[in-house]
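One file, coords.cif, carrying mmCIF, C-alpha atoms:
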data_model
#
loop_
_atom_site.label_atom_id
_atom_site.label_comp_id
_atom_site.auth_asym_id
_atom_site.auth_seq_id
_atom_site.Cartn_x
_atom_site.Cartn_y
_atom_site.Cartn_z
CA PRO A 1 0.00 0.00 0.00
CA LEU A 2 2.87 2.42 0.62
CA LEU A 3 4.03 2.17 -2.99
CA LEU A 4 0.49 2.56 -4.31
CA SER A 5 -0.09 5.54 -2.01
CA ALA A 6 3.12 7.16 -3.26
CA LEU A 7 2.09 6.53 -6.86
CA ASP A 8 -1.35 7.91 -6.11
CA GLN A 9 0.22 11.14 -4.88
CA ALA A 10 2.81 11.37 -7.68
CA THR A 11 0.75 10.64 -10.79
CA ALA A 12 -2.02 12.43 -12.61
CA ARG A 13 -5.60 11.50 -11.70
CA LYS A 14 -6.27 10.21 -15.22
CA VAL A 15 -3.74 7.39 -14.67
CA SER A 16 -5.13 4.06 -13.48
CA TRP A 17 -3.47 0.72 -12.73
CA GLU A 18 -3.97 -2.94 -13.41
CA LEU A 19 -2.61 -5.14 -10.64
CA ASP A 20 -1.52 -8.61 -11.72
CA GLN A 21 -0.96 -11.68 -9.53
CA VAL A 22 -2.02 -10.27 -6.18
CA HIS A 23 -1.80 -13.11 -3.65
CA PRO A 24 -5.08 -13.55 -1.72
CA VAL A 25 -3.34 -13.06 1.64
CA TRP A 26 -2.24 -9.56 0.56
CA ALA A 27 -5.66 -8.77 -0.88
CA VAL A 28 -7.15 -9.58 2.53
CA ARG A 29 -4.45 -7.85 4.58
CA TYR A 30 -4.57 -4.61 2.57
CA GLN A 31 -8.20 -4.70 1.52
CA ASP A 32 -9.10 -1.28 2.95
CA ALA A 33 -6.33 0.54 1.08
CA LEU A 34 -6.97 -1.43 -2.10
CA ARG A 35 -10.73 -0.87 -1.91
CA ASP A 36 -10.17 2.90 -1.50
CA LEU A 37 -7.94 2.97 -4.59
CA ILE A 38 -10.52 0.95 -6.52
CA ALA A 39 -13.32 3.29 -5.41
CA SER A 40 -11.31 6.30 -6.57
CA GLY A 41 -10.79 4.71 -9.99
CA ARG A 42 -7.03 4.35 -9.56
CA ILE A 43 -7.10 0.55 -9.77
CA ASP A 44 -9.31 -0.56 -12.63
CA SER A 45 -8.50 -4.28 -12.65
CA MET A 46 -6.84 -6.85 -10.45
CA LEU A 47 -5.96 -10.51 -10.88
CA VAL A 48 -6.12 -12.41 -7.59
CA SER A 49 -5.42 -16.13 -8.05
CA VAL A 50 -7.78 -17.85 -5.64
CA GLN A 51 -6.91 -21.33 -7.05
CA SER A 52 -9.71 -23.03 -5.04
CA GLY A 53 -12.67 -22.24 -2.82
CA SER A 54 -12.00 -25.18 -0.50
CA PRO A 55 -10.05 -24.57 2.72
CA SER A 56 -8.78 -28.16 2.74
CA VAL A 57 -7.53 -27.96 -0.86
CA LEU A 58 -5.94 -24.57 -0.18
CA ARG A 59 -4.13 -26.00 2.86
CA SER A 60 -2.89 -28.86 0.68
CA MET A 61 -1.66 -26.24 -1.81
CA ARG A 62 0.00 -24.37 1.08
CA ARG A 63 -2.08 -21.29 0.32
CA PHE A 64 -4.15 -18.94 2.49
CA PRO A 65 -7.14 -21.10 3.53
CA ASP A 66 -9.58 -18.52 4.97
CA VAL A 67 -12.07 -18.53 2.10
CA ASP A 68 -14.57 -16.33 3.97
CA LYS A 69 -12.03 -13.53 4.35
CA VAL A 70 -10.99 -13.83 0.71
CA ARG A 71 -14.62 -13.81 -0.48
CA ASP A 72 -15.47 -10.77 1.66
CA ALA A 73 -12.42 -8.80 0.51
CA LEU A 74 -12.90 -9.58 -3.18
CA ALA A 75 -16.65 -8.94 -3.13
CA GLY A 76 -15.89 -5.61 -1.45
CA PHE A 77 -13.53 -4.75 -4.30
CA THR A 78 -16.16 -5.44 -6.94
CA ARG A 79 -18.74 -3.34 -5.08
CA ALA A 80 -16.31 -0.41 -4.74
CA HIS A 81 -16.48 0.77 -8.37
CA LYS A 82 -18.86 -0.20 -11.17
CA ASP A 83 -16.09 -0.31 -13.79
CA PHE A 84 -13.61 -2.39 -11.75
CA SER A 85 -12.73 -5.81 -13.20
CA LEU A 86 -11.69 -8.66 -10.92
CA LEU A 87 -9.95 -11.64 -12.52
CA THR A 88 -8.78 -14.95 -11.10
CA ASP A 89 -7.13 -18.29 -11.78
CA VAL A 90 -8.55 -21.58 -10.52
CA ILE A 91 -7.19 -25.13 -10.58
CA VAL A 92 -9.75 -27.91 -11.00
CA GLY A 93 -8.86 -31.41 -9.85
CA PHE A 94 -5.98 -30.72 -7.46
CA PRO A 95 -5.00 -34.00 -5.73
CA GLY A 96 -7.53 -34.89 -3.05
CA GLU A 97 -10.22 -32.49 -4.35
CA THR A 98 -13.65 -33.96 -3.62
CA ASP A 99 -16.98 -33.08 -5.21
CA GLU A 100 -17.71 -31.03 -2.08
CA ASP A 101 -14.40 -29.15 -2.45
CA PHE A 102 -15.22 -28.47 -6.09
CA GLY A 103 -18.67 -27.18 -5.11
CA GLN A 104 -17.03 -24.77 -2.67
CA THR A 105 -14.85 -23.48 -5.51
CA VAL A 106 -17.84 -22.90 -7.77
CA ALA A 107 -19.64 -21.08 -4.93
CA LEU A 108 -16.65 -18.81 -4.31
CA LEU A 109 -16.30 -17.95 -7.99
CA LEU A 110 -19.99 -17.03 -8.19
CA ALA A 111 -19.93 -14.97 -4.97
CA CYS A 112 -17.01 -12.61 -5.61
CA GLY A 113 -18.15 -10.73 -8.71
CA PHE A 114 -15.36 -11.93 -10.99
CA ALA A 115 -15.31 -10.52 -14.50
CA TYR A 116 -13.01 -13.24 -15.83
CA VAL A 117 -11.85 -16.68 -14.69
CA ASN A 118 -8.87 -18.62 -16.06
CA ILE A 119 -9.53 -22.34 -15.55
CA PHE A 120 -6.69 -24.84 -15.32
CA GLY A 121 -7.20 -28.58 -15.06
CA TYR A 122 -4.62 -30.00 -12.66
CA THR A 123 -1.64 -31.75 -14.22
CA ASP A 124 1.53 -33.02 -12.56
CA ARG A 125 4.55 -30.81 -13.14
CA GLU A 126 8.15 -31.70 -12.35
CA VAL A 127 8.75 -28.46 -10.46
CA CYS A 128 5.69 -28.76 -8.20
CA ASP A 129 5.57 -30.68 -4.93
CA ALA A 130 1.94 -31.61 -5.64
CA ARG A 131 3.17 -34.26 -8.08
CA ASN A 132 4.09 -36.33 -5.00
CA LEU A 133 0.62 -36.14 -3.46
CA ASP A 134 -1.60 -39.19 -3.40
CA ASP A 135 -5.29 -39.26 -4.26
CA LYS A 136 -4.98 -37.91 -7.79
CA VAL A 137 -8.29 -36.95 -9.37
CA PRO A 138 -8.95 -38.95 -12.57
CA ARG A 139 -8.76 -36.96 -15.81
CA GLN A 140 -12.38 -37.75 -16.71
CA VAL A 141 -13.51 -36.29 -13.35
CA ILE A 142 -11.42 -33.16 -13.94
CA ASP A 143 -12.93 -32.77 -17.42
CA ARG A 144 -16.47 -33.24 -16.06
CA ARG A 145 -15.87 -30.65 -13.34
CA ILE A 146 -14.43 -28.18 -15.85
CA HIS A 147 -17.54 -28.65 -18.00
CA THR A 148 -19.76 -28.07 -14.95
CA LEU A 149 -17.79 -24.97 -14.00
CA THR A 150 -17.90 -23.45 -17.48
CA LYS A 151 -21.68 -23.93 -17.58
CA ALA A 152 -22.08 -22.25 -14.17
CA LEU A 153 -19.85 -19.33 -15.16
CA ALA A 154 -21.63 -18.88 -18.49
CA LYS A 155 -25.01 -18.90 -16.75
CA ALA A 156 -23.71 -16.17 -14.39
CA ASP A 157 -22.36 -14.20 -17.39
CA ILE A 158 -18.76 -14.52 -16.15
CA ARG A 159 -16.22 -14.64 -18.95
CA HIS A 160 -13.81 -17.55 -18.72
CA GLU A 161 -11.24 -19.59 -20.56
CA VAL A 162 -10.02 -23.15 -20.09
CA LEU A 163 -6.24 -23.18 -20.38
#
Conversion result in structure tokens:
Amino acid sequence: PLLLSALDQATARKVSWELDQVHPVWAVRYQDALRDLIASGRIDSMLVSVQSGSPSVLRSMRRFPDVDKVRDALAGFTRAHKDFSLLTDVIVGFPGETDEDFGQTVALLLACGFAYVNIFGYTDREVCDARNLDDKVPRQVIDRRIHTLTKALAKADIRHEVL
């Protein structure tokens, strides 16, 4: 927030910013300052990668698991200015993800006011510790969940892309 405050003071009012890859923990921690900058029109878009709406999956990912705080902060951002665009990334089928976990993710995505969602089906990667986790979700289940998610997002008029 200090850097954004300094930029706010130093730049012309007609300048606005797009924030990319804001970690959810920082969005929650600095939500008041960020919401004020959104309300003033200084921040016109922000990508916050929520990855999942399930606390148990987020813990397994070693990410901030307080979904309620994330939802409240992000929904507050989208209410702060009518032209603000909130974007996110989500991983479907992370090892151990249950149907209930997936449902929590869909609920979070529908509750925050996202303008755009990037959808990734989980795949093992050499550089990621998750490749060593047990309880892999079968590819056909991942594909079915992605299909379900894209239908829910389309029905809610949320733009999205499967990557």
Fewer than 6 positions away in the same chain doesn't count, so skip those; otherwise give me all residues within 7 Å of range 84-100 of chain A, counting all atoms listed in the file, as a ChimeraX atom specification. /A:38,44-52,57,78,114-122,133-137,142,146
Residue subset to file, keeping C-alpha atoms, as an mmCIF file, in the coordinates of the input:
data_model
loop_
_atom_site.group_PDB
_atom_site.id
_atom_site.type_symbol
_atom_site.label_atom_id
_atom_site.label_comp_id
_atom_site.auth_asym_id
_atom_site.auth_seq_id
_atom_site.Cartn_x
_atom_site.Cartn_y
_atom_site.Cartn_z
ATOM 1 C CA ILE A 38 -10.520 0.950 -6.520
ATOM 2 C CA ASP A 44 -9.310 -0.560 -12.630
ATOM 3 C CA SER A 45 -8.500 -4.280 -12.650
ATOM 4 C CA MET A 46 -6.840 -6.850 -10.450
ATOM 5 C CA LEU A 47 -5.960 -10.510 -10.880
ATOM 6 C CA VAL A 48 -6.120 -12.410 -7.590
ATOM 7 C CA SER A 49 -5.420 -16.130 -8.050
ATOM 8 C CA VAL A 50 -7.780 -17.850 -5.640
ATOM 9 C CA GLN A 51 -6.910 -21.330 -7.050
ATOM 10 C CA SER A 52 -9.710 -23.030 -5.040
ATOM 11 C CA VAL A 57 -7.530 -27.960 -0.860
ATOM 12 C CA THR A 78 -16.160 -5.440 -6.940
ATOM 13 C CA PHE A 114 -15.360 -11.930 -10.990
ATOM 14 C CA ALA A 115 -15.310 -10.520 -14.500
ATOM 15 C CA TYR A 116 -13.010 -13.240 -15.830
ATOM 16 C CA VAL A 117 -11.850 -16.680 -14.690
ATOM 17 C CA ASN A 118 -8.870 -18.620 -16.060
ATOM 18 C CA ILE A 119 -9.530 -22.340 -15.550
ATOM 19 C CA PHE A 120 -6.690 -24.840 -15.320
ATOM 20 C CA GLY A 121 -7.200 -28.580 -15.060
ATOM 21 C CA TYR A 122 -4.620 -30.000 -12.660
ATOM 22 C CA LEU A 133 0.620 -36.140 -3.460
ATOM 23 C CA ASP A 134 -1.600 -39.190 -3.400
ATOM 24 C CA ASP A 135 -5.290 -39.260 -4.260
ATOM 25 C CA LYS A 136 -4.980 -37.910 -7.790
ATOM 26 C CA VAL A 137 -8.290 -36.950 -9.370
ATOM 27 C CA ILE A 142 -11.420 -33.160 -13.940
ATOM 28 C CA ILE A 146 -14.430 -28.180 -15.850
#
Computed interatomic separation between CA of Arg131 in chain A and CA of Gln104 in chain A (Å): 23.0 Å
Might you spell out which residues the PyMOL selection byres ((chain A and resi 16-31) around 8) would select in the displayed file, as a compact mmCIF listing (two decimals) with C-alpha atoms, in the frame of the given file?
# COMPACT_ATOMS: atom_id res chain seq x y z
CA PRO A 1 0.00 0.00 0.00
CA ARG A 13 -5.60 11.50 -11.70
CA LYS A 14 -6.27 10.21 -15.22
CA VAL A 15 -3.74 7.39 -14.67
CA ASP A 32 -9.10 -1.28 2.95
CA ALA A 33 -6.33 0.54 1.08
CA LEU A 34 -6.97 -1.43 -2.10
CA ARG A 35 -10.73 -0.87 -1.91
CA GLY A 41 -10.79 4.71 -9.99
CA ARG A 42 -7.03 4.35 -9.56
CA ILE A 43 -7.10 0.55 -9.77
CA ASP A 44 -9.31 -0.56 -12.63
CA SER A 45 -8.50 -4.28 -12.65
CA MET A 46 -6.84 -6.85 -10.45
CA LEU A 47 -5.96 -10.51 -10.88
CA VAL A 48 -6.12 -12.41 -7.59
CA SER A 49 -5.42 -16.13 -8.05
CA VAL A 50 -7.78 -17.85 -5.64
CA PHE A 64 -4.15 -18.94 2.49
CA LYS A 69 -12.03 -13.53 4.35
CA VAL A 70 -10.99 -13.83 0.71
CA ALA A 73 -12.42 -8.80 0.51
CA LEU A 74 -12.90 -9.58 -3.18
CA PHE A 77 -13.53 -4.75 -4.30
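Among A:Leu7, A:Ala152, A:Leu2, A:Ala130, the residue with the shortest atom-to-atom distance to Leu58 in chain A, counting all atoms listed in the file, is A:Ala130.
One finds CA of Asp124 in chain A at 11.5 Å from CA of Arg139 in chain A.
We find CA of Arg144 in chain A and CA of Arg59 in chain A to be spaced 23.7 Å apart.
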Point out the residue among A:Thr105, A:Ser5, A:Ser40, A:Thr11 with the least atom-to-atom distance to Arg145 in chain A, counting only C-alpha atoms. A:Thr105
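Among the candidates A:Thr123, A:Ser60, A:Asn132, A:Ser54, the residue lying nearest to Asp101 in chain A is A:Ser54 (atoms considered: only C-alpha atoms).
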Sphere at (-13.4, -19.0, -2.2), radius 6 Å, counting all atoms listed in the file: residues as an MDAnalysis selection string: chainID A and resid 53 67 71 105 108
